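K.L.:
Just dropping this structure here.
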Amino acid sequence: MTKRGAVWTGAAPVPHPERMKTPLKRRIALLYYGASNRARLFRYGLLVFDLVTVLLFFAATAFPDARWIVPLDIVLAAAMIVELAARLWVDPQRVRSALSLWTLADVVVIFSLLAAAFVENLGFLRVLRALRLLRSYHLVRDLRAESPWFKTHEDIILRSLNLVVFIFIVTSTVYVTQHADNPGIKTYVDALYFTITTLTTTGFGDVTLQGAGGRLLSVLIMVIGVSLFLQLLQAIFRPRKVRFECPDCALLVHEIDAVHCKHCGRLLKIPDEGI
């Protein structure tokens with residue numbers, strides 16, 4: 001089905017390359033939306049780039065006074081600006097995408113990198129880009145096609161990713177706001193220790209956040225963080241479900257031992273190995 005030059009594939013519109021006005025725009029569109037080996041490698045490359053920027057944040061915590069940190073953050077921000085501009089340029093729903101939550105996350109990441117020259121390093125927010133890429137319809141489609149293991153464990157992988165990103169952001173917030181003045185939080189490991197003991201309600205009390213801002217952050221972690229943490233854990237250890245589209249109502253997710261569709265009652269013939 002087409003609409004204004006775009007092909008709808010279920011989750012995202014794919015532009016017709018032949019309708020692009022310039023060869024450059026056509027080539028960029030094929031990289032983002034194409035199914036060729038070059039397009040898949042490009043999307044994997046974007047993921048690797050964002051994961052590397054996350055690792056560089058850990059490097060910055062180990063070398064807080066290194067002179068190369070700020071220039072590198074500016075270079076990364078410039079690269080992200082170019083990538084964001086190119087993506088929106090070939091997007092068939094440019095306005096809608098520009099106002100989306102994930103584009104806002106990209107803008108926040110870019111701002112945090114540029115602001116590193118003036119305020120405490122907020123580069124840990126760059127993890128939002130890696131999460132956006134892993135949630136990309138095209139990248140997930142590539143992983144499903146090329147990795148049977150990913151296809152089998154997709155739900156658990158994505159839920160675990162949510163948990164890791166959540167802990168990373170909370171820990172990084174604690175570290176950035178406390179390591180300069182709090183003797184109990186001098187390294188990222190100290191911040192991780194405080195975060196995990198708080199989220200699991202263990203609360204040994206040997207490390208506490210200082211100042212009014214630290215106490216407010218502790219309250220937020222205990223009130224909001226603990227509930228989200230438990231929900232994410234529950235999502236990971238919830239009984240695994242199977243993806244199989246019901247022929248009648250198109251319900252996609254079913255219990256692993258389902259015989260009938262729980263939505264319409266249709267008899268299902270879900271392939272399995274008899275386990």
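A note on labels: chains of the structure tokens are A, B, ... as shown, every chain counts residues from 1, and ligands are counted from 1 in their shown order.
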Within 9 Å of A:Thr171, counting only C-alpha atoms, which residues qualify if same-chain residues fewer than 5 places away don't, as a compact mmCIF listing (two decimals) with N, CA and C atoms, in the first residue's frame?

P.N.:
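Output below, filename part-v8.txt:
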```
# COMPACT_ATOMS: atom_id res chain seq x y z
N PHE A 166 18.25 1.67 32.07
CA PHE A 166 17.68 2.34 33.24
C PHE A 166 18.71 2.44 34.37
N VAL A 176 27.54 11.81 38.29
CA VAL A 176 27.78 13.17 37.79
C VAL A 176 27.46 14.21 38.85
N TYR A 188 32.80 5.40 39.40
CA TYR A 188 31.52 4.97 38.86
C TYR A 188 31.01 3.73 39.59
N VAL A 189 31.93 2.89 40.04
CA VAL A 189 31.54 1.68 40.78
C VAL A 189 30.85 2.07 42.09
N ALA A 191 29.04 4.73 42.58
CA ALA A 191 27.69 5.17 42.21
C ALA A 191 26.80 3.98 41.86
N LEU A 192 27.38 2.98 41.18
CA LEU A 192 26.62 1.78 40.85
C LEU A 192 26.23 1.03 42.11
N TYR A 193 27.15 0.95 43.07
CA TYR A 193 26.86 0.28 44.34
C TYR A 193 25.69 0.96 45.06
N PHE A 194 25.72 2.29 45.14
CA PHE A 194 24.62 3.00 45.79
C PHE A 194 23.30 2.78 45.05
N THR A 195 23.34 2.82 43.72
CA THR A 195 22.12 2.67 42.93
C THR A 195 21.49 1.30 43.13
N ILE A 196 22.30 0.25 43.07
CA ILE A 196 21.76 -1.10 43.20
C ILE A 196 21.21 -1.34 44.60
```

K.L.:
Which residues, written as a PyMOL selection string, have at least one atom at most 10 Å from A:Thr187, with only C-alpha atoms counted and residues fewer than 4 positions away on the same chain left out?

P.N.:
chain A and resi 61-62+175+178-179+183+191-192

K.L.:
Ranking A:Ala115, A:Ser147, A:Arg43, A:Ser172 by minimum distance to A:Phe58 and counting only C-alpha atoms, which one comes first?

P.N.:
A:Ser172

K.L.:
Enumerate the residues of stretch 26-201 of chain A with a DSSP assignment of alpha helix (DSSP H), computed from the backbone, and present them as a ChimeraX atom specification.

P.N.:
/A:26-33,37-62,69-90,94-98,101-114,127-134,137-146,148-152,154-178,188-199

K.L.:
Could you tell me how far atom CA of A:Ile69 sits from atom CA of A:Val82, in Å to one decimal place?

P.N.:
20.2 Å

K.L.:
As a VMD selection string, which residues of stretch 54-268 of chain A does DSSP assign to strand (DSSP E or B)?

P.N.:
chain A and resid 241 to 243 253 to 255 260 267

K.L.:
For the residues in the current selection, export C-alpha atoms as an mmCIF file, in the first residue's frame.

P.N.:
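So again28.cif came out as:
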```cif
data_model
loop_
_atom_site.group_PDB
_atom_site.id
_atom_site.type_symbol
_atom_site.label_atom_id
_atom_site.label_comp_id
_atom_site.auth_asym_id
_atom_site.auth_seq_id
_atom_site.Cartn_x
_atom_site.Cartn_y
_atom_site.Cartn_z
ATOM 1 C CA LYS A 241 5.685 -15.901 24.984
ATOM 2 C CA VAL A 242 5.729 -16.835 21.334
ATOM 3 C CA ARG A 243 5.134 -14.644 18.279
ATOM 4 C CA VAL A 253 1.851 -12.602 20.944
ATOM 5 C CA HIS A 254 0.548 -15.760 22.623
ATOM 6 C CA GLU A 255 1.433 -17.940 25.575
ATOM 7 C CA HIS A 260 -6.528 -21.162 21.138
ATOM 8 C CA LEU A 267 -7.613 -22.704 17.031
#
```

K.L.:
My list of candidates is A:Tyr44, A:Tyr33, A:Trp149, A:Phe229. Which is closest to A:Ile167 when distances are computed with only C-alpha atoms?

P.N.:
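Smallest separation from A:Ile167 among the options: A:Phe229.
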
K.L.:
So what do you get for atom CA of A:Ala98 versus atom CA of A:Tyr32, distance-wise?

P.N.:
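These atoms are spaced 16.0 Å apart.
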
K.L.:
Which residue gives the smallest distance to A:Ile157 among A:Ile110, A:Leu30, A:Leu143, A:Leu47, with only C-alpha atoms counted?

P.N.:
A:Leu143
